[in-house]
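K.L.:
Structure file model.tsv (TSV, C-alpha atoms and all ligand atoms) is given on the next line.
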```
chain	number	residue	atom	x	y	z
A	1	MET	CA	-10.41	-42.71	25.89
A	2	PRO	CA	-9.64	-43.73	29.50
A	3	PHE	CA	-10.89	-40.26	30.47
A	4	ILE	CA	-14.23	-40.78	28.74
A	5	VAL	CA	-14.56	-44.28	30.20
A	6	SER	CA	-14.02	-43.02	33.75
A	7	CYS	CA	-16.49	-40.20	33.08
A	8	LEU	CA	-19.04	-42.75	32.00
A	9	ARG	CA	-18.44	-44.73	35.20
A	10	VAL	CA	-19.03	-41.66	37.31
A	11	CYS	CA	-22.14	-40.82	35.30
A	12	GLY	CA	-23.28	-44.39	35.64
A	13	CYS	CA	-23.34	-43.96	39.43
A	14	ILE	CA	-25.14	-40.66	39.35
A	15	PHE	CA	-27.73	-41.33	36.66
A	16	LYS	CA	-29.32	-44.61	37.45
A	17	SER	CA	-31.75	-45.00	34.60
A	18	ARG	CA	-30.46	-46.13	31.23
A	19	SER	CA	-32.31	-43.51	29.21
A	20	GLU	CA	-31.11	-40.78	31.54
A	21	ARG	CA	-27.54	-41.95	31.02
A	22	LYS	CA	-28.00	-41.96	27.24
A	23	LEU	CA	-29.43	-38.47	27.26
A	24	TYR	CA	-26.53	-37.02	29.25
A	25	LEU	CA	-24.01	-38.91	27.15
A	26	ALA	CA	-25.56	-37.40	24.01
A	27	ILE	CA	-25.46	-33.90	25.53
A	28	ALA	CA	-21.82	-34.39	26.56
A	29	LEU	CA	-20.81	-35.62	23.10
A	30	PHE	CA	-22.66	-32.73	21.47
A	31	GLY	CA	-20.85	-30.26	23.75
A	32	ILE	CA	-17.47	-31.78	22.94
A	33	SER	CA	-18.15	-31.60	19.19
A	34	VAL	CA	-19.17	-27.95	19.47
A	35	ILE	CA	-15.95	-27.14	21.34
A	36	ILE	CA	-13.85	-28.97	18.73
A	37	LEU	CA	-15.67	-27.15	15.94
A	38	ILE	CA	-15.07	-23.76	17.56
A	39	LEU	CA	-11.38	-24.58	18.09
A	40	GLN	CA	-11.06	-25.61	14.45
A	41	LEU	CA	-12.76	-22.44	13.25
A	42	MET	CA	-10.46	-20.35	15.43
A	43	MET	CA	-7.40	-22.14	14.06
A	44	LEU	CA	-8.67	-21.73	10.52
A	45	PHE	CA	-9.32	-18.03	11.01
A	46	TYR	CA	-6.02	-17.46	12.75
A	47	GLY	CA	-4.12	-19.45	10.09
A	48	PHE	CA	-5.99	-17.57	7.37
A	49	SER	CA	-5.25	-14.17	8.77
A	50	THR	CA	-1.59	-14.80	9.55
A	51	GLN	CA	-1.03	-16.38	6.17
A	52	LYS	CA	-2.83	-13.77	4.10
A	53	VAL	CA	-2.11	-10.64	6.07
A	54	PRO	CA	1.41	-10.77	7.45
A	55	ASP	CA	2.51	-7.57	9.04
A	56	GLU	CA	4.22	-6.60	5.85
A	57	LEU	CA	4.90	-3.12	7.11
A	58	GLU	CA	7.70	-4.58	9.18
A	59	GLU	CA	9.63	-5.08	5.95
A	60	VAL	CA	9.62	-1.35	5.33
A	61	LYS	CA	12.49	0.70	6.60
A	62	PRO	CA	11.44	2.76	9.65
A	63	GLN	CA	12.83	5.92	8.04
A	64	ILE	CA	10.35	5.56	5.19
A	65	LEU	CA	7.39	4.96	7.47
A	66	ASN	CA	8.39	7.86	9.66
A	67	ARG	CA	9.08	10.23	6.78
A	68	TRP	CA	5.97	9.60	4.68
A	69	TYR	CA	3.36	7.85	6.80
A	70	ASN	CA	3.63	9.26	10.28
A	71	PHE	CA	0.93	11.79	11.06
A	72	THR	CA	1.13	11.60	14.84
A	73	ASN	CA	2.22	15.21	14.96
A	74	GLY	CA	-1.04	16.14	13.32
A	75	ILE	CA	-1.95	16.48	9.71
A	76	GLY	CA	-1.04	20.15	9.59
A	77	TRP	CA	-3.41	22.13	7.54
A	78	TYR	CA	-4.45	19.20	5.33
A	79	ASN	CA	-8.03	18.03	5.37
A	80	ASN	CA	-9.13	21.56	6.14
A	81	LYS	CA	-10.33	21.87	2.58
A	82	ILE	CA	-8.03	24.78	1.98
A	83	GLN	CA	-8.85	27.02	-0.95
A	84	LEU	CA	-6.02	26.62	-3.41
A	85	SER	CA	-7.51	29.38	-5.56
A	86	ASP	CA	-6.12	31.71	-2.91
A	87	THR	CA	-2.62	32.63	-4.17
A	88	LYS	CA	-1.10	32.62	-0.70
A	89	ASN	CA	-2.40	29.13	0.03
A	90	TRP	CA	-1.26	27.97	-3.35
A	91	GLN	CA	2.31	29.25	-2.85
A	92	ARG	CA	2.48	27.79	0.63
A	93	TYR	CA	1.23	24.46	-0.65
A	94	LEU	CA	3.76	24.32	-3.50
A	95	LYS	CA	6.53	25.10	-1.05
A	96	GLU	CA	5.42	22.30	1.20
A	97	ILE	CA	5.20	19.80	-1.62
A	98	ARG	CA	8.72	20.70	-2.70
A	99	LYS	CA	10.07	20.47	0.80
A	100	TYR	CA	8.33	17.37	2.13
A	101	TRP	CA	6.53	15.39	-0.51
A	102	ILE	CA	8.76	15.00	-3.55
A	103	ILE	CA	12.31	13.68	-3.56
A	104	ARG	CA	14.97	12.92	-6.10
A	105	ARG	CA	17.29	10.06	-5.21
A	106	PHE	CA	19.07	9.47	-8.51
A	107	ASP	CA	22.79	8.82	-8.22
A	108	SER	CA	24.42	9.42	-11.62
A	109	LYS	CA	27.51	7.47	-10.59
A	110	LYS	CA	25.44	4.33	-10.23
A	111	SER	CA	23.46	2.43	-12.84
A	112	TYR	CA	19.91	1.19	-12.49
A	113	ASN	CA	19.44	-1.46	-9.86
A	114	LEU	CA	16.96	-3.66	-11.71
A	115	LYS	CA	15.89	-7.24	-11.24
A	116	ASN	CA	15.60	-7.75	-15.00
A	117	PRO	CA	17.89	-5.22	-16.70
A	118	GLN	CA	17.68	-6.99	-20.06
A	119	ILE	CA	13.96	-6.28	-20.59
A	120	LYS	CA	13.08	-3.63	-23.21
A	121	ASP	CA	9.36	-3.29	-22.55
A	122	TYR	CA	8.40	-3.60	-18.88
A	123	SER	CA	4.73	-2.87	-19.36
A	124	MET	CA	3.65	-5.93	-21.29
A	125	GLY	CA	3.43	-4.27	-24.71
A	126	GLN	CA	2.17	-0.88	-23.60
A	127	THR	CA	5.54	0.83	-23.95
A	128	ASN	CA	5.68	0.08	-27.67
A	129	VAL	CA	2.18	1.39	-28.21
A	130	ILE	CA	2.89	4.59	-26.30
A	131	GLN	CA	6.14	5.15	-28.15
A	132	GLU	CA	4.36	4.67	-31.45
A	133	ILE	CA	1.61	7.14	-30.52
A	134	LEU	CA	4.20	9.67	-29.36
A	135	LYS	CA	6.39	8.97	-32.41
A	136	ASN	CA	9.36	8.03	-30.19
A	137	LYS	CA	9.34	11.46	-28.61
A	138	LYS	CA	12.49	12.17	-26.68
A	139	ASN	CA	13.06	14.09	-23.43
A	140	GLY	CA	9.43	14.35	-22.38
A	141	PHE	CA	8.06	14.50	-18.85
A	142	PHE	CA	5.86	11.73	-17.49
A	143	VAL	CA	3.67	11.40	-14.41
A	144	GLU	CA	3.03	7.80	-13.45
A	145	CYS	CA	0.44	7.35	-10.76
A	146	GLY	CA	0.71	3.87	-9.30
A	147	ALA	CA	4.35	3.38	-10.19
A	148	TYR	CA	4.51	0.14	-8.16
A	149	ASP	CA	8.19	-0.71	-7.54
A	150	GLY	CA	9.43	1.40	-10.46
A	151	GLU	CA	10.35	-1.66	-12.50
A	152	THR	CA	7.64	-4.33	-12.46
A	153	ARG	CA	5.14	-3.49	-15.24
A	154	SER	CA	6.52	0.03	-15.33
A	155	ASN	CA	4.88	2.22	-17.95
A	156	THR	CA	7.68	4.75	-17.86
A	157	LEU	CA	11.01	3.00	-17.25
A	158	ALA	CA	11.62	2.46	-20.98
A	159	LEU	CA	10.85	6.13	-21.75
A	160	GLU	CA	13.33	7.21	-19.10
A	161	ARG	CA	15.98	4.67	-19.99
A	162	TYR	CA	15.97	4.78	-23.78
A	163	LEU	CA	14.41	8.12	-24.72
A	164	GLY	CA	15.75	10.44	-22.04
A	165	TRP	CA	12.45	11.27	-20.37
A	166	ASP	CA	12.24	12.78	-16.91
A	167	GLY	CA	9.21	12.37	-14.70
A	168	LEU	CA	7.39	11.90	-11.44
A	169	LEU	CA	6.68	8.48	-9.95
A	170	ILE	CA	3.78	8.39	-7.50
A	171	GLU	CA	3.37	5.29	-5.34
A	172	ALA	CA	1.35	5.16	-2.13
A	173	ASP	CA	2.09	1.60	-1.02
A	174	PRO	CA	4.97	1.76	1.50
A	175	ILE	CA	6.47	-1.57	0.45
A	176	ASN	CA	6.34	-0.79	-3.24
A	177	PHE	CA	7.65	2.72	-2.68
A	178	SER	CA	10.46	1.39	-0.53
A	179	ASN	CA	11.45	-1.03	-3.31
A	180	MET	CA	11.23	1.78	-5.84
A	181	MET	CA	13.68	3.86	-3.83
A	182	ASP	CA	16.36	1.22	-4.45
A	183	LYS	CA	16.04	1.16	-8.25
A	184	ASN	CA	17.97	4.37	-8.86
A	185	ARG	CA	15.30	5.74	-11.18
A	186	ASN	CA	16.27	9.08	-12.71
A	187	ALA	CA	12.99	10.71	-11.72
A	188	TYR	CA	11.17	12.43	-8.87
A	189	LEU	CA	9.61	10.09	-6.34
A	190	THR	CA	6.70	10.57	-3.99
A	191	ALA	CA	5.08	8.17	-1.54
A	192	THR	CA	1.72	9.87	-1.76
A	193	CYS	CA	-1.44	9.52	-3.75
A	194	LEU	CA	-3.42	11.92	-5.90
A	195	SER	CA	-6.33	13.58	-4.20
A	196	THR	CA	-9.77	12.89	-5.59
A	197	LYS	CA	-10.80	16.37	-4.42
A	198	PRO	CA	-9.53	19.78	-5.52
A	199	TYR	CA	-7.54	20.13	-2.30
A	200	PRO	CA	-4.89	18.05	-0.51
A	201	SER	CA	-6.02	15.50	2.03
A	202	VAL	CA	-4.90	12.66	4.25
A	203	ASN	CA	-6.56	9.34	3.50
A	204	THR	CA	-6.30	5.68	4.33
A	205	PHE	CA	-4.59	3.44	1.82
A	206	LEU	CA	-5.36	-0.25	1.42
A	207	MET	CA	-2.22	-2.28	0.79
A	208	ALA	CA	-3.26	-5.05	-1.55
A	209	LYS	CA	-0.39	-6.23	-3.72
A	210	ASN	CA	-0.78	-4.62	-7.13
A	211	ILE	CA	-4.37	-3.45	-6.59
A	212	GLY	CA	-3.73	-1.19	-3.60
A	213	ARG	CA	-6.12	1.74	-3.45
A	214	LEU	CA	-7.56	4.59	-1.45
A	215	HIS	CA	-9.72	3.10	1.19
A	216	ASN	CA	-12.47	4.08	3.59
A	217	PRO	CA	-11.56	2.71	7.04
A	218	HIS	CA	-15.12	1.40	7.36
A	219	ASP	CA	-15.16	-0.49	4.06
A	220	SER	CA	-16.05	-4.10	4.69
A	221	ASP	CA	-13.32	-5.88	2.76
A	222	GLU	CA	-13.30	-9.58	3.47
A	223	TYR	CA	-10.01	-9.21	5.23
A	224	LEU	CA	-8.18	-6.01	5.90
A	225	PRO	CA	-4.48	-5.87	5.18
A	226	ASN	CA	-2.46	-2.95	6.44
A	227	THR	CA	-4.10	0.39	5.95
A	228	PRO	CA	-1.61	3.17	6.60
A	229	ASP	CA	-2.55	6.83	6.47
A	230	ILE	CA	-1.28	8.57	3.40
A	231	ALA	CA	-1.07	12.11	2.14
A	232	CYS	CA	-2.83	12.86	-1.11
A	233	SER	CA	-1.65	15.73	-3.24
A	234	TYR	CA	-3.70	17.90	-5.46
A	235	PHE	CA	-2.61	16.90	-8.95
A	236	SER	CA	-2.12	20.29	-10.58
A	237	ALA	CA	-0.02	21.31	-7.60
A	238	VAL	CA	2.30	18.33	-7.94
A	239	PHE	CA	2.54	19.01	-11.63
A	240	SER	CA	3.13	22.74	-11.18
A	241	VAL	CA	6.00	22.10	-8.81
A	242	HIS	CA	7.90	20.65	-11.69
A	243	ARG	CA	6.81	22.99	-14.44
A	244	PHE	CA	7.08	26.35	-12.76
A	245	ASN	CA	9.20	26.06	-9.68
A	246	GLY	CA	11.69	23.26	-10.20
A	247	CYS	CA	12.12	20.57	-7.61
A	248	PRO	CA	14.44	20.57	-4.63
B	1	LIG	C1	6.01	9.13	14.61
B	1	LIG	O1	6.41	10.42	15.01
B	1	LIG	C2	6.36	10.61	16.42
B	1	LIG	C3	6.63	12.09	16.72
B	1	LIG	O2	7.52	12.66	15.80
B	1	LIG	C4	7.36	9.67	17.07
B	1	LIG	O3	7.35	9.85	18.48
B	1	LIG	C5	6.98	8.23	16.73
B	1	LIG	O4	7.95	7.33	17.23
B	1	LIG	C6	6.88	8.06	15.22
B	1	LIG	N1	6.34	6.74	14.92
B	1	LIG	C7	6.99	5.87	14.15
B	1	LIG	C8	6.28	4.57	13.92
B	1	LIG	O5	8.07	6.07	13.65
B	2	LIG	C1	3.92	-4.24	-3.50
B	2	LIG	O1	3.32	-4.16	-2.21
B	2	LIG	C2	2.56	-5.27	-1.82
B	2	LIG	C3	1.95	-4.96	-0.46
B	2	LIG	O2	0.81	-4.15	-0.63
B	2	LIG	C4	3.42	-6.50	-1.77
B	2	LIG	O3	2.65	-7.62	-1.44
B	2	LIG	C5	4.07	-6.71	-3.13
B	2	LIG	O4	4.96	-7.78	-3.06
B	2	LIG	C6	4.84	-5.44	-3.53
B	2	LIG	N1	5.38	-5.63	-4.88
B	2	LIG	C7	6.58	-5.22	-5.26
B	2	LIG	C8	6.98	-5.58	-6.65
B	2	LIG	O5	7.31	-4.56	-4.54
```
Taking this structure as input, can you express it in the form of structure tokens?

P.N.:
Amino acid sequence: MPFIVSCLRVCGCIFKSRSERKLYLAIALFGISVIILILQLMMLFYGFSTQKVPDELEEVKPQILNRWYNFTNGIGWYNNKIQLSDTKNWQRYLKEIRKYWIIRRFDSKKSYNLKNPQIKDYSMGQTNVIQEILKNKKNGFFVECGAYDGETRSNTLALERYLGWDGLLIEADPINFSNMMDKNRNAYLTATCLSTKPYPSVNTFLMAKNIGRLHNPHDSDEYLPNTPDIACSYFSAVFSVHRFNGCP
């Protein structure tokens, strides 16, 4: 207040007429309100973005980011729309998938590392339905795309745990994949996605809790969480690796 009062005194000397003084006072007040409004908007936006989009990638172990999400050395021969009908390409691709893109971390000396080990059906009723349809089939092979953390709402954990199934868990979100690595699932794991085209590709992935998805970098989402680059495998290739060649 003392600041404004002294301002008014100064103004009073410069602008002699009353109406002139009023006009400039109004302009000054308007200017101050605009500045306050802008500051508030900036704070709101900044608060919004730091609250909603923390740099969650920092939680992920650097080894995981480097191993699965680092394409600084180039994306190799991906995105060249390679013809997988060509046998040579196909063999080379299978070899690469086995070597780089699918791992098996299971340690038979350890048990599952689950947050809720007592649960029988992790997928909110779906497990029972699937088991009924498959007549409690034992020792099958599953492919779960969007495996999340390998426990929460898992469609396949019960099959693996109680009916001896083996399988492949595909999860593109680095945080979810990193959590999945710690669960000691007895299955193959891959931090990739499935290509929407009949060839492998590198795409951008939108991390968005449990609705993460492939993402065009120019999509105008209201706010953009982390969008790491991600390798997408051609589905029949991933599947063939298991069926015909065995995994590393
Ligand atoms: C990605 O890989 C490059 C080259 O191998 C390396 O220099 C860089 O530090 C890596 N980036 C991260 C985030 O690990
Ligand atoms: C999955 O990843 C998202 C980040 O996209 C994170 O917010 C969420 O907590 C993760 N969920 C689990 C169960 O790991």

K.L.:
When the cut-off is 7 Å and you count all atoms listed in the file, which residues lie near ligand LIG 1 (chain B), shown as a CSV table (one decimal) with C-alpha atoms, in the frame of the given file?

P.N.:
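result.csv was written with the following content:
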```csv
chain,number,residue,atom,x,y,z
A,62,PRO,CA,11.4,2.8,9.6
A,65,LEU,CA,7.4,5.0,7.5
A,66,ASN,CA,8.4,7.9,9.7
A,70,ASN,CA,3.6,9.3,10.3
A,71,PHE,CA,0.9,11.8,11.1
A,72,THR,CA,1.1,11.6,14.8
A,73,ASN,CA,2.2,15.2,15.0
```

K.L.:
List every protein, DNA or RNA residue with an atom no more than 7 Å from (4.8, 5.6, -4.8) in the file's coordinates, counting all atoms listed in the file, and format the result as a ChimeraX atom specification.

P.N.:
/A:146-148,169-173,176-177,189-192

K.L.:
Taking all atoms listed in the file into account, name the residue in A:Asn184, A:Ile102, A:Val60, A:Tyr69 that is nearest to ligand LIG 2 (chain B).

P.N.:
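Selected residue with least distance to ligand LIG 2 (chain B): A:Val60.
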
K.L.:
Residues of chain A within 6 Å of ligand LIG 2 (chain B): nearest atom pair and distance (Å, one decimal) for each, counting all atoms listed in the file, sorted by chain and number, as a Markdown table?

P.N.:
```
| residue | atom | partner | partner_atom | distance |
| --- | --- | --- | --- | --- |
| A:Asp149 | CA | B:LIG2 | O5 | 5.0 |
| A:Thr152 | CA | B:LIG2 | C8 | 6.0 |
| A:Asp173 | CA | B:LIG2 | O2 | 5.9 |
| A:Ile175 | CA | B:LIG2 | O1 | 4.9 |
| A:Asn176 | CA | B:LIG2 | O5 | 4.1 |
| A:Asn179 | CA | B:LIG2 | O5 | 5.6 |
| A:Met207 | CA | B:LIG2 | O2 | 3.8 |
| A:Ala208 | CA | B:LIG2 | O2 | 4.3 |
| A:Lys209 | CA | B:LIG2 | C2 | 3.6 |
| A:Asn210 | CA | B:LIG2 | C1 | 6.0 |
```

K.L.:
Please report the interatomic distance between CA of Lys138 (chain A) and CA of Lys183 (chain A) in Å with one decimal.

P.N.:
21.8 Å

K.L.:
If you measure from CA of Ile119 (chain A) to CA of Gly164 (chain A), what distance in Å do you get, rounded to one decimal?

P.N.:
16.9 Å

K.L.:
Of the candidates A:Arg161, A:Lys137, A:Glu20, A:Glu58, which one gets nearest to Ser111 (chain A) if we count all atoms listed in the file?

P.N.:
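Distance minimum relative to Ser111 (chain A) lands on A:Arg161.
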
K.L.:
Which residue gives the smallest distance to Ser195 (chain A) among A:Lys81, A:Lys120, A:Lys109, A:Arg153, with only C-alpha atoms counted?

P.N.:
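Of A:Lys81, A:Lys120, A:Lys109, A:Arg153, the one nearest Ser195 (chain A) is A:Lys81, counting only C-alpha atoms.
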